[in-house]
$ cat model-v2.cif   # mmCIF, C-alpha atoms
data_data
#
loop_
_atom_site.group_PDB
_atom_site.id
_atom_site.type_symbol
_atom_site.label_atom_id
_atom_site.label_comp_id
_atom_site.auth_asym_id
_atom_site.auth_seq_id
_atom_site.Cartn_x
_atom_site.Cartn_y
_atom_site.Cartn_z
ATOM 1 C CA MET A 1 -52.795 174.678 181.060
ATOM 2 C CA LYS A 2 -54.018 171.143 180.382
ATOM 3 C CA SER A 3 -57.274 172.467 178.923
ATOM 4 C CA ILE A 4 -55.315 174.798 176.601
ATOM 5 C CA ILE A 5 -53.157 171.895 175.418
ATOM 6 C CA LYS A 6 -56.248 169.772 174.778
ATOM 7 C CA ARG A 7 -57.945 172.561 172.803
ATOM 8 C CA THR A 8 -54.749 173.128 170.778
ATOM 9 C CA ALA A 9 -54.439 169.414 170.040
ATOM 10 C CA ALA A 10 -58.076 169.295 168.955
ATOM 11 C CA ILE A 11 -57.560 172.228 166.572
ATOM 12 C CA VAL A 12 -54.460 170.585 165.079
ATOM 13 C CA PHE A 13 -56.355 167.295 164.716
ATOM 14 C CA LEU A 14 -59.316 168.970 162.969
ATOM 15 C CA ALA A 15 -56.967 170.883 160.671
ATOM 16 C CA ALA A 16 -55.241 167.627 159.731
ATOM 17 C CA ILE A 17 -58.624 166.063 158.876
ATOM 18 C CA SER A 18 -59.506 169.086 156.711
ATOM 19 C CA ILE A 19 -56.220 168.881 154.786
ATOM 20 C CA ALA A 20 -56.613 165.137 154.296
ATOM 21 C CA ALA A 21 -60.130 165.649 152.935
ATOM 22 C CA GLN A 22 -58.887 168.206 150.409
ATOM 23 C CA THR A 23 -55.839 166.239 149.244
ATOM 24 C CA ALA A 24 -56.542 163.295 146.987
ATOM 25 C CA PRO A 25 -54.370 160.164 147.325
ATOM 26 C CA PRO A 26 -51.515 159.883 144.815
ATOM 27 C CA GLY A 27 -52.889 159.060 141.365
ATOM 28 C CA GLN A 28 -56.504 159.708 142.443
ATOM 29 C CA GLU A 29 -57.383 163.282 141.568
ATOM 30 C CA THR A 30 -60.622 164.678 142.993
ATOM 31 C CA ARG A 31 -63.424 164.239 140.444
ATOM 32 C CA PRO A 32 -64.663 167.529 138.988
ATOM 33 C CA LYS A 33 -68.337 168.270 138.468
ATOM 34 C CA PHE A 34 -69.062 167.010 134.960
ATOM 35 C CA ASP A 35 -72.078 169.211 134.243
ATOM 36 C CA GLU A 36 -70.848 170.749 130.964
ATOM 37 C CA PHE A 37 -67.883 170.733 128.582
ATOM 38 C CA GLU A 38 -65.242 173.407 129.095
ATOM 39 C CA VAL A 39 -65.183 174.116 125.362
ATOM 40 C CA ALA A 40 -66.617 172.398 122.283
ATOM 41 C CA THR A 41 -66.218 172.865 118.532
ATOM 42 C CA ILE A 42 -68.966 171.818 116.114
ATOM 43 C CA LYS A 43 -68.322 171.495 112.384
ATOM 44 C CA LEU A 44 -70.186 170.021 109.445
ATOM 45 C CA ALA A 45 -68.860 166.527 108.744
ATOM 46 C CA ASP A 46 -67.137 165.446 105.555
ATOM 47 C CA PRO A 47 -69.982 164.005 103.409
ATOM 48 C CA ALA A 48 -67.609 161.354 102.047
ATOM 49 C CA TYR A 49 -67.044 159.851 105.516
ATOM 50 C CA GLN A 50 -69.180 156.750 106.116
ATOM 51 C CA GLY A 51 -68.504 155.813 109.750
ATOM 52 C CA ARG A 52 -70.196 157.173 112.885
ATOM 53 C CA TRP A 53 -68.980 157.076 116.471
ATOM 54 C CA ILE A 54 -68.708 158.837 119.834
ATOM 55 C CA ARG A 55 -65.780 158.142 122.141
ATOM 56 C CA MET A 56 -63.205 159.605 124.482
ATOM 57 C CA LEU A 57 -59.968 160.328 122.583
ATOM 58 C CA SER A 58 -58.084 160.982 125.825
ATOM 59 C CA ALA A 59 -58.832 161.427 129.522
ATOM 60 C CA ASN A 60 -60.401 164.841 128.888
ATOM 61 C CA GLU A 61 -61.349 164.987 125.202
ATOM 62 C CA LEU A 62 -64.563 163.607 123.747
ATOM 63 C CA ALA A 63 -65.245 163.414 120.018
ATOM 64 C CA ALA A 64 -68.349 162.598 117.981
ATOM 65 C CA ARG A 65 -67.877 161.866 114.275
ATOM 66 C CA ASN A 66 -70.461 162.138 111.497
ATOM 67 C CA HIS A 67 -73.550 162.333 113.742
ATOM 68 C CA SER A 68 -76.915 163.894 112.999
ATOM 69 C CA VAL A 69 -78.755 165.757 115.735
ATOM 70 C CA LYS A 70 -81.166 162.823 115.909
ATOM 71 C CA THR A 71 -78.428 160.256 116.553
ATOM 72 C CA LEU A 72 -76.773 162.589 119.078
ATOM 73 C CA ILE A 73 -80.095 162.814 120.927
ATOM 74 C CA ALA A 74 -80.426 159.023 120.744
ATOM 75 C CA ALA A 75 -77.019 158.588 122.375
ATOM 76 C CA ALA A 76 -77.448 161.353 124.956
ATOM 77 C CA TYR A 77 -80.882 160.183 126.116
ATOM 78 C CA ASN A 78 -80.402 156.445 125.454
ATOM 79 C CA VAL A 79 -83.322 156.018 123.056
ATOM 80 C CA SER A 80 -83.698 154.518 119.618
ATOM 81 C CA PRO A 81 -83.560 157.020 116.727
ATOM 82 C CA LYS A 82 -86.953 155.600 115.680
ATOM 83 C CA ALA A 83 -88.352 156.782 119.017
ATOM 84 C CA ILE A 84 -87.488 160.409 118.144
ATOM 85 C CA SER A 85 -89.894 162.526 116.112
ATOM 86 C CA GLY A 86 -90.483 166.170 115.256
ATOM 87 C CA GLY A 87 -88.008 168.786 114.121
ATOM 88 C CA ALA A 88 -87.080 169.934 110.613
ATOM 89 C CA SER A 89 -85.568 167.570 108.044
ATOM 90 C CA TRP A 90 -82.020 168.845 108.735
ATOM 91 C CA VAL A 91 -82.196 167.297 112.242
ATOM 92 C CA ASN A 92 -81.857 163.913 110.553
ATOM 93 C CA ASP A 93 -79.999 164.903 107.373
ATOM 94 C CA ASP A 94 -77.149 167.193 108.495
ATOM 95 C CA ARG A 95 -74.029 165.500 109.868
ATOM 96 C CA TYR A 96 -71.676 167.039 112.426
ATOM 97 C CA ASP A 97 -68.243 166.459 113.948
ATOM 98 C CA ILE A 98 -67.840 167.521 117.576
ATOM 99 C CA VAL A 99 -64.675 167.787 119.662
ATOM 100 C CA ALA A 100 -65.170 168.773 123.296
ATOM 101 C CA ARG A 101 -62.894 169.201 126.310
ATOM 102 C CA THR A 102 -64.081 167.876 129.660
ATOM 103 C CA PRO A 103 -63.231 169.528 133.017
ATOM 104 C CA GLY A 104 -60.040 168.531 134.838
ATOM 105 C CA SER A 105 -57.851 165.586 133.946
ATOM 106 C CA VAL A 106 -59.994 162.748 135.347
ATOM 107 C CA ARG A 107 -61.767 160.731 132.672
ATOM 108 C CA PRO A 108 -65.582 161.056 132.954
ATOM 109 C CA ASN A 109 -67.623 157.873 132.936
ATOM 110 C CA LEU A 110 -70.262 157.224 130.279
ATOM 111 C CA ASN A 111 -73.136 158.736 132.277
ATOM 112 C CA GLU A 112 -71.102 161.896 132.848
ATOM 113 C CA GLN A 113 -70.144 162.101 129.166
ATOM 114 C CA MET A 114 -73.789 161.870 128.118
ATOM 115 C CA ALA A 115 -74.859 164.461 130.727
ATOM 116 C CA MET A 116 -72.405 166.944 129.177
ATOM 117 C CA LEU A 117 -73.622 166.026 125.686
ATOM 118 C CA ARG A 118 -77.207 166.760 126.768
ATOM 119 C CA LYS A 119 -76.127 170.188 128.010
ATOM 120 C CA LEU A 120 -74.336 170.828 124.697
ATOM 121 C CA LEU A 121 -77.456 169.909 122.716
ATOM 122 C CA ASN A 122 -79.529 172.280 124.835
ATOM 123 C CA ASP A 123 -77.046 175.154 124.573
ATOM 124 C CA ARG A 124 -75.691 174.934 121.028
ATOM 125 C CA PHE A 125 -78.654 173.431 119.156
ATOM 126 C CA SER A 126 -81.333 175.163 121.300
ATOM 127 C CA LEU A 127 -82.896 171.725 121.727
ATOM 128 C CA THR A 128 -86.198 171.384 123.548
ATOM 129 C CA PHE A 129 -88.493 168.352 123.501
ATOM 130 C CA HIS A 130 -91.211 166.576 125.409
ATOM 131 C CA ARG A 131 -91.768 162.895 126.121
ATOM 132 C CA GLU A 132 -94.680 160.762 125.000
ATOM 133 C CA GLN A 133 -95.536 157.112 125.513
ATOM 134 C CA LYS A 134 -96.407 155.549 122.156
ATOM 135 C CA GLU A 135 -97.276 152.070 121.025
ATOM 136 C CA MET A 136 -94.962 151.066 118.205
ATOM 137 C CA ARG A 137 -93.014 148.215 116.704
ATOM 138 C CA ALA A 138 -90.279 147.240 119.151
ATOM 139 C CA TYR A 139 -88.076 144.396 120.311
ATOM 140 C CA VAL A 140 -88.823 143.081 123.790
ATOM 141 C CA LEU A 141 -85.963 141.571 125.798
ATOM 142 C CA THR A 142 -87.075 138.835 128.229
ATOM 143 C CA VAL A 143 -85.608 135.865 130.093
ATOM 144 C CA ALA A 144 -85.643 132.697 127.987
ATOM 145 C CA LYS A 145 -87.042 129.356 129.096
ATOM 146 C CA GLY A 146 -84.484 127.773 131.405
ATOM 147 C CA GLY A 147 -83.462 131.048 132.996
ATOM 148 C CA PRO A 148 -80.619 133.517 132.451
ATOM 149 C CA LYS A 149 -77.025 132.376 131.891
ATOM 150 C CA LEU A 150 -75.470 135.456 133.463
ATOM 151 C CA LYS A 151 -72.905 135.934 136.214
ATOM 152 C CA GLU A 152 -73.193 138.891 138.542
ATOM 153 C CA THR A 153 -70.306 141.268 138.027
ATOM 154 C CA THR A 154 -66.935 141.030 139.721
ATOM 155 C CA VAL A 155 -66.056 144.583 138.654
ATOM 156 C CA SER A 156 -66.421 147.269 141.310
ATOM 157 C CA PRO A 157 -67.903 150.536 139.986
ATOM 158 C CA ASP A 158 -65.208 152.341 142.006
ATOM 159 C CA ALA A 159 -62.296 150.259 140.698
ATOM 160 C CA THR A 160 -61.212 152.985 138.263
ATOM 161 C CA PRO A 161 -61.946 156.726 138.141
ATOM 162 C CA GLU A 162 -64.020 156.362 134.942
ATOM 163 C CA GLY A 163 -66.047 153.435 136.262
ATOM 164 C CA PRO A 164 -66.829 150.194 134.377
ATOM 165 C CA PRO A 165 -66.002 150.110 130.650
ATOM 166 C CA PRO A 166 -68.876 151.155 128.356
ATOM 167 C CA LEU A 167 -70.699 148.615 126.222
ATOM 168 C CA ILE A 168 -69.218 148.732 122.718
ATOM 169 C CA PHE A 169 -69.772 146.283 119.862
ATOM 170 C CA VAL A 170 -66.565 145.084 118.213
ATOM 171 C CA VAL A 171 -67.456 144.525 114.565
ATOM 172 C CA ALA A 172 -65.624 142.292 112.077
ATOM 173 C CA PRO A 173 -66.901 140.999 108.709
ATOM 174 C CA ASP A 174 -67.707 137.514 110.034
ATOM 175 C CA GLU A 175 -68.209 138.104 113.769
ATOM 176 C CA ILE A 176 -69.583 140.775 116.110
ATOM 177 C CA ARG A 177 -68.620 140.701 119.785
ATOM 178 C CA LEU A 178 -69.973 142.503 122.821
ATOM 179 C CA PRO A 179 -67.680 142.216 125.857
ATOM 180 C CA ALA A 180 -69.717 143.440 128.854
ATOM 181 C CA ARG A 181 -68.486 144.184 132.347
ATOM 182 C CA SER A 182 -70.769 145.435 135.109
ATOM 183 C CA ALA A 183 -73.619 145.912 132.640
ATOM 184 C CA THR A 184 -77.337 146.122 133.368
ATOM 185 C CA MET A 185 -80.074 144.711 131.183
ATOM 186 C CA ALA A 186 -81.279 148.263 130.512
ATOM 187 C CA GLU A 187 -77.792 149.109 129.221
ATOM 188 C CA LEU A 188 -77.801 145.991 127.032
ATOM 189 C CA ALA A 189 -81.180 146.986 125.569
ATOM 190 C CA GLY A 190 -79.892 150.523 125.031
ATOM 191 C CA VAL A 191 -76.763 149.570 123.123
ATOM 192 C CA MET A 192 -78.682 147.109 120.931
ATOM 193 C CA GLN A 193 -81.264 149.717 119.897
ATOM 194 C CA ARG A 194 -78.575 152.315 119.166
ATOM 195 C CA ALA A 195 -76.121 150.131 117.278
ATOM 196 C CA MET A 196 -77.642 146.832 116.099
ATOM 197 C CA LEU A 197 -81.420 146.868 115.710
ATOM 198 C CA ASP A 198 -83.646 149.277 113.793
ATOM 199 C CA ASP A 199 -86.506 149.353 116.288
ATOM 200 C CA PRO A 200 -86.508 150.323 119.981
ATOM 201 C CA VAL A 201 -85.523 147.593 122.462
ATOM 202 C CA VAL A 202 -87.501 147.379 125.706
ATOM 203 C CA ASP A 203 -86.116 145.561 128.758
ATOM 204 C CA HIS A 204 -88.730 143.253 130.281
ATOM 205 C CA THR A 205 -86.280 140.815 131.911
ATOM 206 C CA GLY A 206 -86.901 141.979 135.478
ATOM 207 C CA LEU A 207 -83.176 141.461 136.161
ATOM 208 C CA ALA A 208 -81.873 144.310 138.321
ATOM 209 C CA ALA A 209 -78.231 143.343 138.995
ATOM 210 C CA ARG A 210 -75.085 144.138 137.025
ATOM 211 C CA TYR A 211 -73.498 141.330 135.037
ATOM 212 C CA ASP A 212 -70.290 140.281 133.266
ATOM 213 C CA PHE A 213 -70.782 138.448 129.966
ATOM 214 C CA ASP A 214 -69.382 138.027 126.460
ATOM 215 C CA LEU A 215 -71.764 137.855 123.523
ATOM 216 C CA ALA A 216 -70.554 136.771 120.079
ATOM 217 C CA PHE A 217 -72.607 136.373 116.905
ATOM 218 C CA SER A 218 -72.258 136.568 113.134
ATOM 219 C CA PRO A 219 -73.940 139.400 111.222
ATOM 220 C CA ASP A 220 -77.038 138.878 109.099
ATOM 221 C CA GLU A 221 -79.802 140.988 107.575
ATOM 222 C CA ALA A 222 -81.473 141.481 110.983
ATOM 223 C CA VAL A 223 -78.696 143.668 112.409
ATOM 224 C CA MET A 224 -77.142 146.984 111.366
ATOM 225 C CA ALA A 225 -79.879 147.424 108.735
ATOM 226 C CA GLY A 226 -78.319 144.555 106.787
ATOM 227 C CA ALA A 227 -75.087 146.485 106.212
ATOM 228 C CA LEU A 228 -73.024 143.314 106.745
ATOM 229 C CA PRO A 229 -74.364 140.266 104.863
ATOM 230 C CA ARG A 230 -74.158 136.918 106.596
ATOM 231 C CA PRO A 231 -70.837 135.336 105.605
ATOM 232 C CA ASP A 232 -70.504 131.892 104.092
ATOM 233 C CA ASN A 233 -69.655 129.337 106.766
ATOM 234 C CA ALA A 234 -70.445 131.900 109.482
ATOM 235 C CA PRO A 235 -68.562 130.944 112.661
ATOM 236 C CA LYS A 236 -71.363 132.078 115.006
ATOM 237 C CA PRO A 237 -75.161 132.046 115.066
ATOM 238 C CA GLY A 238 -77.169 135.203 114.458
ATOM 239 C CA LEU A 239 -77.933 137.678 117.246
ATOM 240 C CA PHE A 240 -81.313 136.260 118.295
ATOM 241 C CA THR A 241 -80.017 132.690 118.579
ATOM 242 C CA ALA A 242 -76.730 133.736 120.189
ATOM 243 C CA ILE A 243 -78.367 135.817 122.896
ATOM 244 C CA GLN A 244 -80.568 132.868 123.862
ATOM 245 C CA GLN A 245 -77.807 130.256 123.756
ATOM 246 C CA GLN A 246 -75.120 132.348 125.417
ATOM 247 C CA LEU A 247 -77.050 134.627 127.811
ATOM 248 C CA GLY A 248 -80.323 132.790 128.425
ATOM 249 C CA LEU A 249 -82.277 135.786 127.133
ATOM 250 C CA LYS A 250 -84.817 136.182 124.352
ATOM 251 C CA ILE A 251 -85.597 138.978 121.873
ATOM 252 C CA GLU A 252 -88.947 139.105 120.113
ATOM 253 C CA SER A 253 -90.330 141.660 117.683
ATOM 254 C CA THR A 254 -93.777 142.855 118.736
ATOM 255 C CA ARG A 255 -95.704 146.013 119.530
ATOM 256 C CA ALA A 256 -95.001 147.678 122.861
ATOM 257 C CA MET A 257 -95.346 150.968 124.686
ATOM 258 C CA VAL A 258 -92.141 152.968 124.167
ATOM 259 C CA ASP A 259 -90.894 156.155 125.827
ATOM 260 C CA THR A 260 -90.389 158.527 122.876
ATOM 261 C CA LEU A 261 -88.973 162.042 122.489
ATOM 262 C CA VAL A 262 -90.806 164.656 120.402
ATOM 263 C CA ILE A 263 -88.611 167.580 119.331
ATOM 264 C CA ASP A 264 -90.272 170.934 119.937
ATOM 265 C CA ARG A 265 -87.370 173.111 118.835
ATOM 266 C CA ALA A 266 -83.905 172.727 117.317
ATOM 267 C CA GLU A 267 -81.679 175.237 115.554
ATOM 268 C CA ARG A 268 -78.616 174.751 113.418
ATOM 269 C CA PRO A 269 -75.504 175.791 115.355
ATOM 270 C CA THR A 270 -73.017 178.321 114.056
ATOM 271 C CA ALA A 271 -70.203 176.133 112.709
ATOM 272 C CA ASN A 272 -66.857 176.817 114.366
#
$ encode --input "model-v2.cif" --output "structure tokens"
Amino acid sequence: MKSIIKRTAAIVFLAAISIAAQTAPPGQETRPKFDEFEVATIKLADPAYQGRWIRMLSANELAARNHSVKTLIAAAYNVSPKAISGGASWVNDDRYDIVARTPGSVRPNLNEQMAMLRKLLNDRFSLTFHREQKEMRAYVLTVAKGGPKLKETTVSPDATPEGPPPLIFVVAPDEIRLPARSATMAELAGVMQRAMLDDPVVDHTGLAARYDFDLAFSPDEAVMAGALPRPDNAPKPGLFTAIQQQLGLKIESTRAMVDTLVIDRAERPTAN
């Protein structure tokens, strides 16, 4: 009888563990597998619209506005548009709006969002490419004399379901800010080459940790293709000076080996 009771108790205990493993704590839904969007609509963008962005509109809806296939590839694969070659002229000229629904109700983090965007590019634009190392004009990010002025992050990657906040430049006419939390130097190089600088940015800092920092600078002709002229009585230095003074890093324009993408195939999607 005792052995039967023990076996019964063990079964009950194992069943309780199984239920606990399948039931997420209140407010913490089990993360779905973010391998592709549930549904996505792709339409030609309004040619009068001048802005361009990709962001989550809600916990499970991602939107891209006024993007070419080339800039979508740049975002999805974290490369500079200048490091992408091949394809017909429409790959750079046509502009698209995309609205896509992500699985479940948990907000995907940035890496998961870009993984689903890569799948969308493969499926809906029939995108194929190969990689090549090329020497080209690039910005190299290094540690400045005196060492980095960075603090290792206090943000846990598991603090929220979506992970640390993505790096996003906040742009105003006289000041551009980059609030960074739990950011790597590779991520800093990536966001600068996608949003601020014309040429690819290569991380040669050798810094492997994640950092919290706030970068602030005034626009000038060196950033955003000169779209924002340097204001009179600018409150902040330019990007190159600010990044050295505030972060202890250095950016220099030179020639460097860059990982590039060469488009082998791309097809216009059926607008829907």
$ closest_residue --input "model-v2.cif" --among "A:Ala115, A:Asn78, A:Ser105, A:Gln246" --to "Leu188 (chain A)" --atoms "all atoms listed in the file"
A:Asn78
$ resolve_selection --input "model-v2.cif" --expression "the PyMOL selection byres ((chain A and resi 130) around 9)" --output "ChimeraX atom specification"
/A:128-129,131-132,260-264
$ resolve_selection --input "model-v2.cif" --expression "the PyMOL selection byres ((chain A and resi 202) around 7)" --output "list in words"
Tyr139, Val140, Leu141, Ala189, Pro200, Val201, Asp203 and His204 of chain A
$ residues_near_point --input "model-v2.cif" --point "(-63.2, 170.2, 128.3)" --cutoff "9 Å" --atoms "all atoms listed in the file" --output "ChimeraX atom specification"
/A:36-40,60-62,100-104
$ atom_distance --input "model-v2.cif" --atom1 "CA of Glu175 (chain A)" --atom2 "CA of Glu187 (chain A)"
21.3 Å
$ resolve_selection --input "model-v2.cif" --expression "the PyMOL selection byres ((chain A and resi 219) around 8)" --output "short mmCIF file (atom, residue, chain, number, x, y, z; two decimals) with C-alpha atoms, in the frame of the given file"
data_model
loop_
_atom_site.label_atom_id
_atom_site.label_comp_id
_atom_site.auth_asym_id
_atom_site.auth_seq_id
_atom_site.Cartn_x
_atom_site.Cartn_y
_atom_site.Cartn_z
CA PRO A 173 -66.90 141.00 108.71
CA ASP A 174 -67.71 137.51 110.03
CA GLU A 175 -68.21 138.10 113.77
CA ILE A 176 -69.58 140.78 116.11
CA PHE A 217 -72.61 136.37 116.90
CA SER A 218 -72.26 136.57 113.13
CA ASP A 220 -77.04 138.88 109.10
CA GLU A 221 -79.80 140.99 107.58
CA ALA A 222 -81.47 141.48 110.98
CA VAL A 223 -78.70 143.67 112.41
CA LEU A 228 -73.02 143.31 106.74
CA PRO A 229 -74.36 140.27 104.86
CA ARG A 230 -74.16 136.92 106.60
CA PRO A 231 -70.84 135.34 105.60
CA GLY A 238 -77.17 135.20 114.46
CA LEU A 239 -77.93 137.68 117.25
#
$ residues_near_point --input "model-v2.cif" --point "(-69.4, 165.2, 103.8)" --cutoff "12 Å" --atoms "only C-alpha atoms" --output "ChimeraX atom specification"
/A:43-51,65-68,93-97
$ closest_residue --input "model-v2.cif" --among "A:Met257, A:Val171, A:Ala180, A:Ala144" --to "Ile243 (chain A)" --atoms "all atoms listed in the file"
A:Ala144
$ atom_distance --input "model-v2.cif" --atom1 "CA of Lys70 (chain A)" --atom2 "CA of Arg181 (chain A)"
27.9 Å
$ closest_residue --input "model-v2.cif" --among "A:Ala88, A:Ala59, A:Val143, A:Ile54" --to "Glu267 (chain A)" --atoms "all atoms listed in the file"
A:Ala88
$ closest_residue --input "model-v2.cif" --among "A:Glu252, A:Asp35, A:Asp214, A:Asp199" --to "Lys149 (chain A)" --atoms "all atoms listed in the file"
A:Asp214
$ atom_distance --input "model-v2.cif" --atom1 "CA of Gln133 (chain A)" --atom2 "CA of Val258 (chain A)"
5.5 Å
$ closest_residue --input "model-v2.cif" --among "A:Thr71, A:Met224, A:Thr41, A:Ala64" --to "Ala83 (chain A)" --atoms "all atoms listed in the file"
A:Thr71
$ residues_around --input "model-v2.cif" --residues "Gln244 (chain A)" --least-positions-apart "6" --cutoff "10 Å" --atoms "only C-alpha atoms" --output "number ranges by chain"
A: 142-149, 250-251
$ closest_residue --input "model-v2.cif" --among "A:Thr241, A:Val191, A:Ala186, A:Leu72" --to "Arg52 (chain A)" --atoms "all atoms listed in the file"
A:Leu72
